[in-house]
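Novice: This structure is in structure tokens; I'll ask about it shortly.
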Protein chains: 2
Amino acid sequence: MGEARYEVMPIGAVESALTDPAEAPKQGDEGGPEAWLVFEPGVLEGLHDIHPGDRIIVLTWLHRARRDVLRVHPRDDLANPEQGVFSTRSADRPNPIGLHPVEVISTEADRIRVRDLEAVDGTPIVDVKPVLGAG
Amino acid sequence: MGEARYEVMPIGAVESALTDPAEAPKQGDEGGPEAWLVFEPGVLEGLHDIHPGDRIIVLTWLHRARRDVLRVHPRDDLANPEQGVFSTRSADRPNPIGLHPVEVISTEADRIRVRDLEAVDGTPIVDVKPVLGAG
């Protein structure tokens with residue numbers, strides 16, 4: 001790969017009852033639980049205009065993922081033929097950034113409650129964006 | 001912010017006639033041009049199952065963005081009241097990751113032609129994912 005490198009600084013982390021990646025649903029709309037997004041003090045000013053009912057996209061850094069994987073069996077099912085990772089939502093990929101469309105339930109000073117988040121407890125959050133059209 | 005840091009390695013770059021960020025549309029569906037996604041040799045195996053007509057989300061690292069900004073006037077229009085960056089799609093934000101939903105026009109060995117990409121020439125690509133539902 002090229003020589004440029006960029007540094008991602010987590011802005012917060014997921015607090016969830018989900019702790020085992022093997023038991024997490026593959027996508028939030030397959031039964032992800034409610035969870036908290038808990039943010040670092042230094043970024044709270046950027047969150048002021050997020051409100052209950054908003055649809056947001058949470059970007060995470062899937063810190064347990066393998067970064068040396070380019071082909072996977074989709075959904076970890078060996079019955080599925082191998083595919084290039086870039087046509088799958090596998091966590092294993094060169095830059096393991098997760099995209100999680102969720103709905104805001106409530107907000108507090110340093111945290112946001114959301115529904116349908118499949119990320120496990122402790123997953124670093126790297127960005128939050130509003131949903132626009134197809135994402 | 002916390003102490004963990006993660007390293008993003010670009011997997012490719014945008015080749016586009018758009019060179020001036022000030023002239024780029026704010027979102028691809030506002031008239032983004034066709035562009036090439038050009039990939040590093042080391043990741044080509046991960047691209048094999050992307051085909052013309054596919055809807056994909058290109059994740060970029062907006063390397064010209066400011067990372068110390070938490071409030072912005074949406075769409076760079078001073079007539080819009082300031083908002084927290086996390087309820088906007090501003091490029092300026094702590095981790096300037098861009099999300100670009102685009103359609104694949106054609107594929108070649110190391111590149112993919114797409115329509116409606118608002119990222120400027122030379123923007124690093126960090127991931128590609130299939131569109132699923134709301135993104």
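Ordering of the structure tokens sets the chain letters (A, B, ...), residue numbers begin anew at 1 in every chain, and ligands are numbered from 1 in the order given.
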Please, which residues in chain A fall within 6 Å of chain B when counting only C-alpha atoms, and what is the closest atom pair and distance in Å to one decimal for each, ordered by chain then residue number, as CSV?
Specialist:
residue,atom,partner,partner_atom,distance
A:Met1,CA,B:Glu40,CA,5.5
A:Arg5,CA,B:Met9,CA,5.2
A:Tyr6,CA,B:Val8,CA,5.1
A:Glu7,CA,B:Glu7,CA,4.8
A:Val8,CA,B:Tyr6,CA,5.1
A:Met9,CA,B:Arg5,CA,5.2
A:Glu40,CA,B:Met1,CA,5.5
A:Gly42,CA,B:Met1,CA,5.9
A:Gly46,CA,B:Gly84,CA,3.8
A:Leu47,CA,B:Gly84,CA,5.3
A:His48,CA,B:Gly84,CA,5.6
A:Asp49,CA,B:Gly84,CA,5.8
A:Ile50,CA,B:Ser87,CA,5.9
A:Leu70,CA,B:Gly46,CA,4.6
A:Arg71,CA,B:Gly46,CA,5.8
A:Gly84,CA,B:Gly46,CA,3.8
A:Val85,CA,B:Gly46,CA,5.1
A:Phe86,CA,B:Val128,CA,5.2
A:Ser87,CA,B:Pro130,CA,5.4
A:Val128,CA,B:Phe86,CA,5.2
A:Lys129,CA,B:Phe86,CA,5.2
A:Pro130,CA,B:Ser87,CA,5.4
A:Ala134,CA,B:Ala134,CA,5.2
A:Gly135,CA,B:Gly135,CA,4.4
Novice: Restricting it to N, CA and C atoms, dump the selection as an mmCIF file, in the first residue's frame.
Specialist:
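Produced file part-v4.cif, reproduced below:
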data_model
loop_
_atom_site.group_PDB
_atom_site.id
_atom_site.type_symbol
_atom_site.label_atom_id
_atom_site.label_comp_id
_atom_site.auth_asym_id
_atom_site.auth_seq_id
_atom_site.Cartn_x
_atom_site.Cartn_y
_atom_site.Cartn_z
ATOM 1 N N MET A 1 0.840 -1.198 0.000
ATOM 2 C CA MET A 1 0.000 0.000 0.000
ATOM 3 C C MET A 1 0.876 1.250 0.000
ATOM 4 N N ARG A 5 -0.115 7.676 5.992
ATOM 5 C CA ARG A 5 -0.820 7.078 7.122
ATOM 6 C C ARG A 5 -1.570 8.197 7.822
ATOM 7 N N TYR A 6 -2.746 7.886 8.331
ATOM 8 C CA TYR A 6 -3.515 8.865 9.089
ATOM 9 C C TYR A 6 -3.884 8.261 10.425
ATOM 10 N N GLU A 7 -4.032 9.133 11.427
ATOM 11 C CA GLU A 7 -4.268 8.647 12.771
ATOM 12 C C GLU A 7 -5.715 8.909 13.176
ATOM 13 N N VAL A 8 -6.409 7.853 13.535
ATOM 14 C CA VAL A 8 -7.775 7.949 14.032
ATOM 15 C C VAL A 8 -7.736 8.050 15.551
ATOM 16 N N MET A 9 -8.439 9.071 16.091
ATOM 17 C CA MET A 9 -8.526 9.248 17.543
ATOM 18 C C MET A 9 -9.953 8.953 17.967
ATOM 19 N N GLU A 40 -16.081 11.339 24.759
ATOM 20 C CA GLU A 40 -14.996 12.015 25.468
ATOM 21 C C GLU A 40 -15.394 13.468 25.753
ATOM 22 N N GLY A 42 -13.843 16.137 25.430
ATOM 23 C CA GLY A 42 -13.352 17.101 24.442
ATOM 24 C C GLY A 42 -14.200 17.277 23.200
ATOM 25 N N GLY A 46 -19.668 19.158 19.939
ATOM 26 C CA GLY A 46 -20.079 18.754 18.591
ATOM 27 C C GLY A 46 -21.372 17.962 18.559
ATOM 28 N N LEU A 47 -21.908 17.611 19.735
ATOM 29 C CA LEU A 47 -23.083 16.733 19.814
ATOM 30 C C LEU A 47 -24.379 17.473 20.091
ATOM 31 N N HIS A 48 -24.302 18.798 20.281
ATOM 32 C CA HIS A 48 -25.439 19.533 20.820
ATOM 33 C C HIS A 48 -26.711 19.436 19.998
ATOM 34 N N ASP A 49 -26.589 19.184 18.712
ATOM 35 C CA ASP A 49 -27.776 19.244 17.853
ATOM 36 C C ASP A 49 -28.296 17.872 17.458
ATOM 37 N N ILE A 50 -27.962 16.870 18.255
ATOM 38 C CA ILE A 50 -28.505 15.524 18.043
ATOM 39 C C ILE A 50 -29.634 15.318 19.046
ATOM 40 N N LEU A 70 -8.437 -10.249 2.879
ATOM 41 C CA LEU A 70 -9.016 -9.645 1.673
ATOM 42 C C LEU A 70 -10.163 -10.466 1.094
ATOM 43 N N ARG A 71 -10.304 -11.716 1.532
ATOM 44 C CA ARG A 71 -11.415 -12.551 1.080
ATOM 45 C C ARG A 71 -12.042 -13.228 2.296
ATOM 46 N N GLY A 84 -14.540 -11.103 -2.109
ATOM 47 C CA GLY A 84 -13.665 -10.006 -1.736
ATOM 48 C C GLY A 84 -14.308 -9.215 -0.596
ATOM 49 N N VAL A 85 -13.500 -8.799 0.382
ATOM 50 C CA VAL A 85 -14.086 -8.127 1.558
ATOM 51 C C VAL A 85 -14.827 -6.852 1.201
ATOM 52 N N PHE A 86 -14.437 -6.201 0.096
ATOM 53 C CA PHE A 86 -15.044 -4.902 -0.194
ATOM 54 C C PHE A 86 -16.470 -5.012 -0.747
ATOM 55 N N SER A 87 -16.901 -6.246 -1.067
ATOM 56 C CA SER A 87 -18.315 -6.426 -1.416
ATOM 57 C C SER A 87 -19.067 -7.076 -0.261
ATOM 58 N N VAL A 128 -19.763 10.399 14.143
ATOM 59 C CA VAL A 128 -21.227 10.298 14.104
ATOM 60 C C VAL A 128 -21.678 11.262 13.013
ATOM 61 N N LYS A 129 -22.572 10.791 12.135
ATOM 62 C CA LYS A 129 -23.080 11.644 11.048
ATOM 63 C C LYS A 129 -24.605 11.485 10.958
ATOM 64 N N PRO A 130 -25.296 12.498 10.453
ATOM 65 C CA PRO A 130 -26.720 12.319 10.196
ATOM 66 C C PRO A 130 -26.921 11.422 8.973
ATOM 67 N N ALA A 134 -29.243 7.525 1.052
ATOM 68 C CA ALA A 134 -28.771 6.145 1.175
ATOM 69 C C ALA A 134 -27.546 6.026 2.067
ATOM 70 N N GLY A 135 -27.206 7.063 2.800
ATOM 71 C CA GLY A 135 -26.180 6.842 3.788
ATOM 72 C C GLY A 135 -24.899 7.577 3.579
#
Novice: Just asking: which residues within chain B are strand (DSSP E) according to DSSP, as a PyMOL selection string?
Specialist: chain B and resi 6-8+12-15+35-39+55-61+71-72+83-84+97-108+111-115+124-130
Novice: Which residues are close to Gly31 (chain B), i.e. within 8 Å by only C-alpha atoms, leaving aside same-chain residues fewer than 6 positions away? Reply as a ChimeraX atom specification.
Specialist: /B:25,116,118
Novice: Which one of B:Trp36, B:Ile125, B:Arg115, B:Ala65 sits closest to Pro21 (chain B) if you count only C-alpha atoms?
Specialist: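 Smallest distance to Pro21 (chain B) is found for B:Ala65.
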Novice: Among region 62-132 of chain A, which ones does DSSP assign to helix (DSSP H, G or I) (computed from the backbone)? Answer as a list in words.
Specialist: Pro74, Arg75, Asp76, Val85, Phe86 and Ser87 of chain A
Novice: Print the selection's residues with N, CA and C atoms to a file, as a PDB file, in the first residue's frame.
Specialist:
ATOM      1  N   PRO A  74     -18.922 -14.790   3.447  1.00  0.00           N
ATOM      2  CA  PRO A  74     -19.876 -13.840   4.030  1.00  0.00           C
ATOM      3  C   PRO A  74     -20.627 -14.424   5.219  1.00  0.00           C
ATOM      4  N   ARG A  75     -20.824 -13.594   6.224  1.00  0.00           N
ATOM      5  CA  ARG A  75     -21.529 -13.928   7.454  1.00  0.00           C
ATOM      6  C   ARG A  75     -20.860 -15.082   8.196  1.00  0.00           C
ATOM      7  N   ASP A  76     -19.551 -15.250   7.988  1.00  0.00           N
ATOM      8  CA  ASP A  76     -18.771 -16.294   8.669  1.00  0.00           C
ATOM      9  C   ASP A  76     -19.331 -17.690   8.424  1.00  0.00           C
ATOM     10  N   VAL A  85     -13.500  -8.799   0.382  1.00  0.00           N
ATOM     11  CA  VAL A  85     -14.086  -8.127   1.558  1.00  0.00           C
ATOM     12  C   VAL A  85     -14.827  -6.852   1.201  1.00  0.00           C
ATOM     13  N   PHE A  86     -14.437  -6.201   0.096  1.00  0.00           N
ATOM     14  CA  PHE A  86     -15.044  -4.902  -0.194  1.00  0.00           C
ATOM     15  C   PHE A  86     -16.470  -5.012  -0.747  1.00  0.00           C
ATOM     16  N   SER A  87     -16.901  -6.246  -1.067  1.00  0.00           N
ATOM     17  CA  SER A  87     -18.315  -6.426  -1.416  1.00  0.00           C
ATOM     18  C   SER A  87     -19.067  -7.076  -0.261  1.00  0.00           C
TER      19      SER A  87
END
Novice: May I have the residues within 6 Å of Ala35 (chain A) as a list of chain:residue names, using only C-alpha atoms and disregarding those fewer than 5 positions away in the same chain?
Specialist: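 Here the answer would be A:Glu15, A:Ser16, A:Arg113, A:Val114.
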Novice: Choose the residue, out of B:Ile105, B:Ile112, B:Val120, B:Leu78, that has the smallest atom-to-atom separation from Ala24 (chain B); count only C-alpha atoms.
Specialist: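 When distances to Ala24 (chain B) are compared using only C-alpha atoms, the smallest one comes from B:Val120.
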Novice: Could you check how far CA of Arg66 (chain B) sits from CA of Asp92 (chain B), in Å to one decimal?
Specialist: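 Spanning CA of Arg66 (chain B) to CA of Asp92 (chain B) is a straight-line distance of 4.8 Å.
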